[in-house]
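Asker: Sharing run-v6.cif (mmCIF, C-alpha atoms) below.
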```cif
data_my_file
loop_
_atom_site.label_atom_id
_atom_site.label_comp_id
_atom_site.auth_asym_id
_atom_site.auth_seq_id
_atom_site.Cartn_x
_atom_site.Cartn_y
_atom_site.Cartn_z
CA MET T 1 187.25 18.02 -25.80
CA LYS T 2 186.46 18.95 -22.21
CA THR T 3 186.37 22.70 -21.51
CA TYR T 4 186.74 23.78 -17.89
CA ARG T 5 185.03 27.01 -16.95
CA ILE T 6 187.15 28.95 -14.45
CA ALA T 7 186.17 32.08 -12.52
CA ALA T 8 189.26 34.33 -12.36
CA ILE T 9 189.13 36.86 -9.52
CA PRO T 10 192.37 38.89 -9.33
CA GLY T 11 191.26 40.89 -6.29
CA ASP T 12 193.74 43.49 -5.09
CA GLY T 13 197.37 44.48 -5.34
CA ILE T 14 199.57 42.05 -7.24
CA GLY T 15 196.58 39.76 -7.67
CA SER T 16 196.03 40.93 -11.25
CA GLU T 17 199.70 40.29 -12.10
CA VAL T 18 199.85 36.74 -10.75
CA ILE T 19 196.40 35.74 -12.01
CA SER T 20 197.34 36.89 -15.51
CA ALA T 21 200.45 34.71 -15.21
CA GLY T 22 198.37 31.79 -13.93
CA VAL T 23 195.91 32.05 -16.81
CA GLU T 24 198.82 32.06 -19.27
CA ALA T 25 200.37 28.96 -17.68
CA LEU T 26 197.08 27.08 -17.51
CA ASN T 27 196.38 27.82 -21.17
CA ALA T 28 199.88 26.58 -21.98
CA CYS T 29 199.09 23.38 -20.05
CA ALA T 30 195.91 22.85 -22.04
CA LYS T 31 197.72 23.51 -25.34
CA ARG T 32 200.50 21.08 -24.43
CA ASP T 33 198.14 18.35 -23.23
CA GLY T 34 195.60 18.72 -26.01
CA GLY T 35 192.83 16.86 -24.21
CA PHE T 36 191.10 19.80 -22.54
CA ALA T 37 190.74 23.57 -22.67
CA PHE T 38 189.92 26.45 -20.34
CA ALA T 39 187.29 29.17 -20.57
CA PHE T 40 188.09 31.98 -18.14
CA ASP T 41 185.45 34.39 -16.87
CA HIS T 42 187.08 37.44 -15.29
CA PHE T 43 185.50 39.28 -12.36
CA ASP T 44 186.62 42.71 -11.15
CA TRP T 45 185.68 42.04 -7.54
CA GLY T 46 187.91 43.74 -5.00
CA SER T 47 188.61 46.84 -2.97
CA GLU T 48 188.36 49.30 -5.86
CA ARG T 49 184.85 48.08 -6.53
CA TYR T 50 184.09 48.34 -2.79
CA LYS T 51 185.26 51.96 -2.67
CA LYS T 52 183.07 52.83 -5.66
CA THR T 53 179.93 50.83 -4.85
CA GLY T 54 180.14 49.81 -1.19
CA ALA T 55 180.38 46.10 -2.06
CA PHE T 56 183.28 43.87 -3.08
CA MET T 57 181.03 41.84 -5.36
CA PRO T 58 177.43 42.16 -6.53
CA ASP T 59 174.53 40.74 -4.52
CA ASN T 60 174.27 37.84 -6.95
CA GLY T 61 178.03 37.33 -7.08
CA ARG T 62 178.06 33.79 -5.77
CA ASP T 63 175.30 32.82 -8.20
CA LEU T 64 177.51 34.07 -11.05
CA ILE T 65 180.30 31.63 -10.13
CA ARG T 66 178.35 28.79 -8.52
CA LYS T 67 178.40 26.62 -11.66
CA HIS T 68 182.07 27.16 -12.52
CA ASP T 69 184.43 24.20 -12.35
CA ALA T 70 186.88 26.11 -10.14
CA ILE T 71 187.86 29.58 -8.95
CA LEU T 72 191.32 31.12 -9.37
CA PHE T 73 191.75 33.88 -6.78
CA GLY T 74 194.57 36.42 -6.51
CA SER T 75 194.64 38.40 -3.28
CA ALA T 76 192.58 40.71 -1.12
CA GLY T 77 193.47 43.82 0.83
CA VAL T 78 194.46 47.46 0.34
CA PRO T 79 196.01 49.90 2.82
CA ASP T 80 192.99 52.21 3.02
CA VAL T 81 190.33 49.54 3.69
CA PRO T 82 190.39 47.71 7.06
CA ASP T 83 191.59 44.13 6.62
CA HIS T 84 188.59 42.59 8.35
CA VAL T 85 186.23 44.41 5.99
CA THR T 86 188.10 43.03 2.98
CA LEU T 87 188.39 39.50 4.31
CA TRP T 88 184.73 39.12 5.25
CA GLY T 89 183.52 41.04 2.20
CA LEU T 90 185.35 38.99 -0.41
CA ARG T 91 187.40 35.90 0.42
CA LEU T 92 185.33 34.58 3.32
CA ALA T 93 182.16 35.63 1.47
CA ILE T 94 183.11 32.97 -1.08
CA CYS T 95 184.77 30.31 1.11
CA GLN T 96 182.13 29.98 3.79
CA PRO T 97 178.88 29.92 1.76
CA PHE T 98 180.54 27.53 -0.70
CA ASP T 99 181.52 25.30 2.25
CA GLN T 100 185.17 25.17 1.24
CA TYR T 101 185.99 23.65 4.59
CA ALA T 102 189.31 21.99 3.73
CA ASN T 103 192.14 24.43 3.18
CA VAL T 104 195.16 22.48 1.90
CA ARG T 105 198.65 23.97 1.85
CA PRO T 106 201.57 21.83 0.64
CA THR T 107 205.08 22.92 1.59
CA ARG T 108 208.41 21.64 0.35
CA ILE T 109 211.73 23.09 -0.71
CA LEU T 110 211.71 23.42 -4.48
CA PRO T 111 214.90 22.89 -6.51
CA GLY T 112 217.22 25.89 -6.43
CA ILE T 113 215.62 27.44 -3.34
CA VAL T 114 217.46 27.53 -0.04
CA SER T 115 215.59 27.13 3.24
CA PRO T 116 216.56 29.45 6.11
CA LEU T 117 216.79 26.34 8.29
CA ARG T 118 220.26 24.99 8.96
CA ASN T 119 221.27 21.92 6.97
CA VAL T 120 217.77 21.22 5.69
CA SER T 121 217.36 19.94 2.17
CA GLY T 122 214.19 19.20 0.26
CA PRO T 123 213.36 15.71 1.50
CA GLU T 124 213.47 16.83 5.13
CA LEU T 125 210.75 19.44 4.57
CA ASP T 126 207.83 17.94 2.69
CA TRP T 127 204.58 18.73 4.45
CA VAL T 128 200.90 19.22 3.74
CA ILE T 129 199.02 21.40 6.21
CA VAL T 130 195.25 20.89 6.39
CA ARG T 131 193.45 23.91 7.81
CA GLU T 132 189.87 23.70 9.02
CA ASN T 133 188.41 26.49 6.90
CA SER T 134 184.81 27.05 7.95
CA GLU T 135 184.48 27.48 11.72
CA GLY T 136 186.69 27.63 14.80
CA GLU T 137 188.30 30.98 15.51
CA TYR T 138 187.02 32.47 12.23
CA ALA T 139 183.39 31.50 12.69
CA GLY T 140 182.41 35.16 12.90
CA VAL T 141 180.49 34.74 16.15
CA GLY T 142 180.82 37.67 18.53
CA GLY T 143 180.25 41.39 18.76
CA ARG T 144 181.01 44.72 20.40
CA VAL T 145 178.94 46.65 22.90
CA HIS T 146 179.21 50.09 24.54
CA ARG T 147 181.45 51.37 21.76
CA GLY T 148 183.69 54.24 22.81
CA LEU T 149 182.81 54.00 26.48
CA PRO T 150 185.22 52.91 29.21
CA GLU T 151 183.25 49.69 29.64
CA GLU T 152 183.37 48.80 25.91
CA ALA T 153 183.61 45.05 25.40
CA ALA T 154 184.30 42.84 22.39
CA THR T 155 184.08 39.09 21.88
CA ASP T 156 185.17 36.66 19.20
CA VAL T 157 183.83 33.22 20.02
CA SER T 158 185.57 30.13 18.63
CA MET T 159 182.80 27.80 17.50
CA PHE T 160 183.61 24.14 16.96
CA THR T 161 180.98 21.60 15.99
CA ARG T 162 181.30 17.84 16.13
CA ALA T 163 180.33 17.63 12.47
CA GLY T 164 182.88 20.26 11.45
CA VAL T 165 185.75 18.74 13.41
CA ALA T 166 184.94 15.17 12.36
CA ARG T 167 184.87 15.99 8.66
CA ILE T 168 188.19 17.84 8.66
CA MET T 169 189.76 15.01 10.67
CA ARG T 170 188.52 12.42 8.18
CA PHE T 171 189.82 14.54 5.32
CA ALA T 172 193.23 14.89 6.99
CA PHE T 173 193.54 11.20 7.86
CA ALA T 174 192.56 10.24 4.31
CA LEU T 175 195.13 12.66 2.89
CA ALA T 176 197.81 11.27 5.22
CA ARG T 177 196.88 7.75 4.08
CA SER T 178 197.46 8.77 0.45
CA ARG T 179 201.02 9.96 1.13
CA PRO T 180 204.01 7.61 1.39
CA ARG T 181 204.68 8.06 5.10
CA LYS T 182 201.02 7.70 6.19
CA PHE T 183 201.69 9.95 9.16
CA LEU T 184 199.50 12.71 10.62
CA THR T 185 200.17 15.28 13.34
CA VAL T 186 197.08 16.75 15.03
CA VAL T 187 197.74 20.26 16.34
CA THR T 188 195.82 21.38 19.39
CA LYS T 189 195.86 23.67 22.44
CA SER T 190 193.82 21.55 24.79
CA ASN T 191 195.93 22.31 27.85
CA ALA T 192 194.54 25.84 27.93
CA GLN T 193 191.37 25.66 25.83
CA ARG T 194 189.68 22.99 27.87
CA HIS T 195 186.35 22.72 26.05
CA ALA T 196 186.53 23.02 22.26
CA MET T 197 190.13 21.83 21.98
CA VAL T 198 189.49 18.87 24.25
CA MET T 199 186.60 17.95 21.94
CA TRP T 200 188.99 18.39 19.00
CA ASP T 201 191.38 15.88 20.61
CA GLU T 202 188.61 13.41 21.41
CA ILE T 203 187.22 13.47 17.89
CA ALA T 204 190.73 13.03 16.46
CA ALA T 205 191.14 9.86 18.53
CA GLU T 206 187.72 8.58 17.41
CA VAL T 207 188.42 9.21 13.72
CA ALA T 208 191.88 7.67 14.02
CA ARG T 209 190.27 4.29 14.68
CA GLU T 210 188.82 4.44 11.16
CA PHE T 211 192.35 4.70 9.74
CA PRO T 212 194.40 1.96 11.43
CA ASP T 213 197.08 2.18 8.74
CA VAL T 214 197.80 5.85 9.55
CA THR T 215 200.20 6.64 12.38
CA TRP T 216 199.41 9.86 14.21
CA ASP T 217 200.58 12.02 17.06
CA LYS T 218 199.39 15.16 18.82
CA MET T 219 201.19 18.46 19.34
CA LEU T 220 200.39 21.66 21.19
CA VAL T 221 200.52 24.57 18.76
CA ASP T 222 203.26 26.47 20.60
CA ALA T 223 205.50 23.40 20.70
CA MET T 224 204.63 22.79 17.05
CA THR T 225 206.44 25.97 15.96
CA MET T 226 209.58 24.65 17.63
CA ARG T 227 209.21 21.21 16.03
CA MET T 228 208.75 22.75 12.58
CA THR T 229 212.01 24.66 12.86
CA LEU T 230 214.18 22.18 14.79
CA LYS T 231 212.85 18.79 13.63
CA PRO T 232 211.17 19.34 10.24
CA GLU T 233 211.89 15.78 9.15
CA THR T 234 209.54 14.44 11.87
CA LEU T 235 206.47 15.96 10.18
CA ASP T 236 204.44 15.01 7.13
CA THR T 237 200.69 15.73 7.12
CA ILE T 238 199.38 18.26 9.66
CA VAL T 239 195.85 19.21 10.65
CA ALA T 240 194.98 22.26 12.72
CA THR T 241 192.22 24.75 13.42
CA ASN T 242 191.46 27.76 11.28
CA LEU T 243 193.66 30.15 13.27
CA HIS T 244 196.45 27.75 14.22
CA ALA T 245 196.90 26.47 10.66
CA ASP T 246 196.73 30.00 9.26
CA ILE T 247 199.77 30.91 11.37
CA LEU T 248 201.64 27.63 10.95
CA SER T 249 201.25 27.61 7.17
CA ASP T 250 202.84 31.06 6.86
CA LEU T 251 205.73 29.81 8.98
CA ALA T 252 205.96 26.75 6.74
CA ALA T 253 206.10 28.92 3.60
CA ALA T 254 208.86 31.04 5.08
CA LEU T 255 210.83 27.92 6.01
CA ALA T 256 210.49 26.74 2.42
CA GLY T 257 212.06 29.96 1.17
CA SER T 258 209.34 32.54 0.48
CA LEU T 259 205.64 33.30 0.82
CA GLY T 260 205.77 33.92 -2.92
CA ILE T 261 205.97 30.22 -3.76
CA ALA T 262 203.24 28.94 -1.44
CA PRO T 263 199.94 27.59 -2.84
CA THR T 264 196.50 27.03 -1.35
CA ALA T 265 193.44 25.00 -2.25
CA ASN T 266 190.13 25.88 -0.58
CA LEU T 267 188.26 22.66 -1.19
CA ASN T 268 184.65 21.65 -1.05
CA PRO T 269 185.46 17.93 -1.08
CA GLU T 270 181.88 16.88 -1.84
CA ARG T 271 181.96 19.15 -4.95
CA THR T 272 178.58 20.63 -4.15
CA PHE T 273 180.19 24.01 -4.83
CA PRO T 274 183.29 25.05 -6.79
CA SER T 275 186.63 25.00 -4.98
CA MET T 276 188.97 28.00 -4.96
CA PHE T 277 192.72 28.06 -5.57
CA GLU T 278 195.02 30.92 -4.58
CA PRO T 279 198.58 31.84 -3.64
CA ILE T 280 198.97 32.82 0.02
CA HIS T 281 201.27 35.82 -0.42
CA GLY T 282 198.63 38.54 -0.15
CA SER T 283 198.26 41.75 -2.12
CA ALA T 284 201.87 43.00 -1.56
CA PHE T 285 201.17 46.66 -2.29
CA ASP T 286 204.83 47.53 -1.82
CA ILE T 287 205.64 45.90 -5.17
CA ILE T 288 202.46 46.48 -7.16
CA GLY T 289 203.14 47.54 -10.74
CA LYS T 290 206.86 46.80 -10.53
CA GLY T 291 206.53 43.55 -12.47
CA ILE T 292 208.48 41.55 -9.89
CA ALA T 293 205.71 39.55 -8.16
CA ASN T 294 206.56 35.88 -7.83
CA PRO T 295 204.01 33.85 -9.84
CA ILE T 296 205.21 30.46 -8.54
CA GLY T 297 202.59 30.38 -5.77
CA THR T 298 199.87 30.86 -8.39
CA PHE T 299 201.40 28.22 -10.67
CA TRP T 300 201.56 25.72 -7.80
CA SER T 301 197.95 26.57 -6.88
CA SER T 302 197.13 25.86 -10.54
CA VAL T 303 198.76 22.44 -10.15
CA MET T 304 196.33 21.77 -7.31
CA MET T 305 193.45 22.99 -9.47
CA LEU T 306 194.43 20.60 -12.27
CA GLU T 307 194.57 17.72 -9.80
CA HIS T 308 191.13 18.67 -8.48
CA LEU T 309 189.72 18.85 -12.01
CA GLY T 310 190.95 15.33 -12.75
CA GLU T 311 193.91 16.22 -14.95
CA PRO T 312 196.82 14.56 -13.08
CA SER T 313 199.11 14.34 -16.12
CA ALA T 314 198.82 18.06 -16.80
CA ALA T 315 199.30 18.78 -13.10
CA ALA T 316 202.49 16.72 -13.01
CA ARG T 317 203.75 18.43 -16.16
CA LEU T 318 203.16 21.89 -14.70
CA MET T 319 204.90 20.89 -11.46
CA ARG T 320 207.93 19.68 -13.43
CA ALA T 321 208.00 23.00 -15.27
CA ILE T 322 207.89 24.89 -11.96
CA GLU T 323 210.76 22.82 -10.56
CA LYS T 324 212.83 23.29 -13.72
CA VAL T 325 212.40 27.05 -13.47
CA THR T 326 213.09 27.38 -9.74
CA ALA T 327 216.26 25.32 -10.21
CA ASP T 328 217.61 28.16 -12.38
CA LYS T 329 218.63 30.93 -9.98
CA SER T 330 218.65 33.46 -12.82
CA LEU T 331 214.86 33.03 -12.82
CA HIS T 332 214.40 33.87 -9.14
CA THR T 333 212.32 36.93 -8.36
CA PRO T 334 213.49 39.42 -5.67
CA ASP T 335 211.66 37.62 -2.84
CA LEU T 336 214.03 34.70 -3.51
CA GLY T 337 217.07 36.96 -3.76
CA GLY T 338 217.08 37.22 -7.56
CA LYS T 339 216.37 39.83 -10.19
CA ALA T 340 213.92 38.06 -12.49
CA ARG T 341 210.61 39.62 -13.40
CA THR T 342 207.15 38.07 -13.33
CA ALA T 343 207.10 37.90 -17.13
CA ASP T 344 210.49 36.13 -17.20
CA VAL T 345 209.32 33.39 -14.85
CA THR T 346 205.99 33.00 -16.65
CA LYS T 347 207.65 32.67 -20.06
CA ALA T 348 210.15 30.16 -18.68
CA VAL T 349 207.39 28.00 -17.21
CA CYS T 350 205.38 28.10 -20.43
CA ASP T 351 208.50 27.24 -22.44
CA ALA T 352 209.22 24.33 -20.09
CA LEU T 353 205.68 23.08 -20.57
CA ALA T 354 205.97 23.23 -24.33
CA GLY T 355 209.24 21.30 -24.26
CA ASP T 356 208.16 18.61 -21.79
CA ASN T 357 208.05 15.26 -23.58
CA GLN T 358 208.09 13.11 -20.45
CA ALA T 359 205.34 10.52 -20.21
CA ASN T 360 203.29 10.65 -17.01
#
```
Could you express the structure from this file as structure tokens?

Answerer:
Amino acid sequence: MKTYRIAAIPGDGIGSEVISAGVEALNACAKRDGGFAFAFDHFDWGSERYKKTGAFMPDNGRDLIRKHDAILFGSAGVPDVPDHVTLWGLRLAICQPFDQYANVRPTRILPGIVSPLRNVSGPELDWVIVRENSEGEYAGVGGRVHRGLPEEAATDVSMFTRAGVARIMRFAFALARSRPRKFLTVVTKSNAQRHAMVMWDEIAAEVAREFPDVTWDKMLVDAMTMRMTLKPETLDTIVATNLHADILSDLAAALAGSLGIAPTANLNPERTFPSMFEPIHGSAFDIIGKGIANPIGTFWSSVMMLEHLGEPSAAARLMRAIEKVTADKSLHTPDLGGKARTADVTKAVCDALAGDNQAN
């Protein structure tokens, strides 16, 4: 029997609550399938460790998880530590050195959940957003000089490389090709950003010639927000820069009903390093310890992990369990307008897994 070794990093806030739920659901998947198992290694990396030791993870942290099959990550951020310190000290300290350059965020309206959009049902909102995850606006290039003086200056330089843009474009076109509509929208801002974004557009056109069976169009990011809300049915697969896709994917999650249901895969497609899977909802300190965090985003991220690990049947079974549970409004957590607790949703998903006799 294959045993997958998973690094579980709850992080901050409700991260420990949803990662515990995710571990329970993944173990239920393995028990139901019978052909594989999980071995979870738990790491207490996060803001509490930072406040005690001055570091979110030990100096050899990446070496400790480098050989794992995947990483399950909860959330990062606390009110009394600046967000940029947390992001660069933990999440980006894993994503960037492990070259997890393809951030994939599927969005669709799950059964039982109502979109805030008028007259939109599930089939009209079924997207996958591909976010360039290693450079661009989050490259970390820049600095501050003359701190505290009237002439203080700060720069954040968006760095785009031909290699970085070409590989995310190829990934996005290949993903679009694998979906029924074979349609990709390339998001840009080349009317104002006349150097890097023009190169982005040019490389998109070059890569498109390698995928003649994929139809594609181009959209300025500001107009894209309007298209997402007014014409959601015209979109399928979307590729955008680190910053643009970060913003658009949160909008997409809100349009699908809640940030609490939205998953993420941070992929190293070449599998040189482990990939990392996480919900996008953040640490949500306003509800920590209340037992009402929505675990669906973690469960859906776990579906993506199972697919990445080569367990498509188990992934499909877990997705069916998620959809069965969301269809029951009595199992909606407060972010979806319900009163269910994290434990209720987790138990219902595990029960659905145990009772799933459908062949894949």

Asker: For the file shown, report as a list in words the outcome of the PyMOL selection byres ((chain T and resi 243) around 12) at residue level.

Answerer: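 That expression, the PyMOL selection byres ((chain T and resi 243) around 12), corresponds here to Asn103, Val130, Arg131, Glu132, Asn133, Ser134, Glu135, Gly136, Glu137, Tyr138, Ala139, Ser158, Met159, Val187, Thr188, Lys189, Val221, Val239, Ala240, Thr241, Asn242, His244, Ala245, Asp246, Ile247, Leu248, Ser249 and Asp250 of chain T.
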
Asker: Would you pick out the contacts of Ser75 in chain T at 9 Å or less, using all atoms listed in the file, so that residues sharing its chain but fewer than 5 positions from it are not included, and give the list as a PyMOL selection string?

Answerer: chain T and resi 9-16+46+91+278-284

Asker: With distances taken over only C-alpha atoms, which of T:Ala176, T:Thr342, T:Ser20, T:Val325 is nearest to Ile287 in chain T?

Answerer: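 Selected residue with least distance to Ile287 in chain T: T:Thr342.
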
Asker: Give me the result of the PyMOL selection byres ((chain T and resi 165-167) around 8) on this file, residue by residue, as a list in words.

Answerer: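 What the PyMOL selection byres ((chain T and resi 165-167) around 8) grabs from the file is Glu132, Phe160, Thr161, Arg162, Ala163, Gly164, Ile168, Met169, Arg170, Phe171, Trp200, Ile203, Ala204 and Val207 of chain T.
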
Asker: Separation of CA of Thr86 in chain T and CA of Phe56 in chain T, in Å?

Answerer: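 Taking CA of Thr86 in chain T as the start and CA of Phe56 in chain T as the end point, the length is 7.8 Å.
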
Asker: Could you tell me which of T:Lys231, T:Lys329, T:His195, T:Arg341 comes closest to Gly291 in chain T if we count only C-alpha atoms?

Answerer: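 Using only C-alpha atoms, the shortest distance to Gly291 in chain T belongs to T:Arg341.
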
Asker: Running the PyMOL selection byres ((chain T and resi 356) around 9) on this model by hand, what would come out? Give it as JSON, numbers by chain.

Answerer: {"T": [32, 317, 320, 321, 351, 352, 353, 354, 355, 357, 358, 359]}

Asker: Measuring between all atoms listed in the file, which one of T:Thr326, T:Ser258, T:Thr272, T:Thr346 shows the shortest distance to Tyr101 in chain T?

Answerer: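 Distance minimum relative to Tyr101 in chain T lands on T:Thr272.
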
Asker: Please determine, counting all atoms listed in the file, which residue among T:Ala76, T:Val114, T:Met276, T:Met1 has the shortest atom-to-atom distance to Gln96 in chain T.

Answerer: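 Among the listed residues, T:Met276 lies closest to Gln96 in chain T.
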
Asker: Between T:Leu318, T:Val303, T:Leu110, T:Trp45, which one has atoms that come closest to Cys350 in chain T, using only C-alpha atoms?

Answerer: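 Looking at the shortest contact to Cys350 in chain T, the residue is T:Leu318.
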
Asker: Tell me, in Å to one decimal, how far CA of Ile19 in chain T is from CA of Asp335 in chain T.

Answerer: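 Between CA of Ile19 in chain T and CA of Asp335 in chain T the gap works out to 17.9 Å.
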
Asker: Counting only C-alpha atoms, figure out which residue out of T:Ala7, T:Ala314, T:Ala37, T:Val186 gets nearest to Leu235 in chain T.

Answerer: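 Residue with the minimum atom-to-atom distance to Leu235 in chain T: T:Val186.
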
Asker: Can you work out the spacing between CA of Arg177 in chain T and CA of Val214 in chain T in Å, to one decimal?

Answerer: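 Going from CA of Arg177 in chain T over to CA of Val214 in chain T, I get 5.9 Å.
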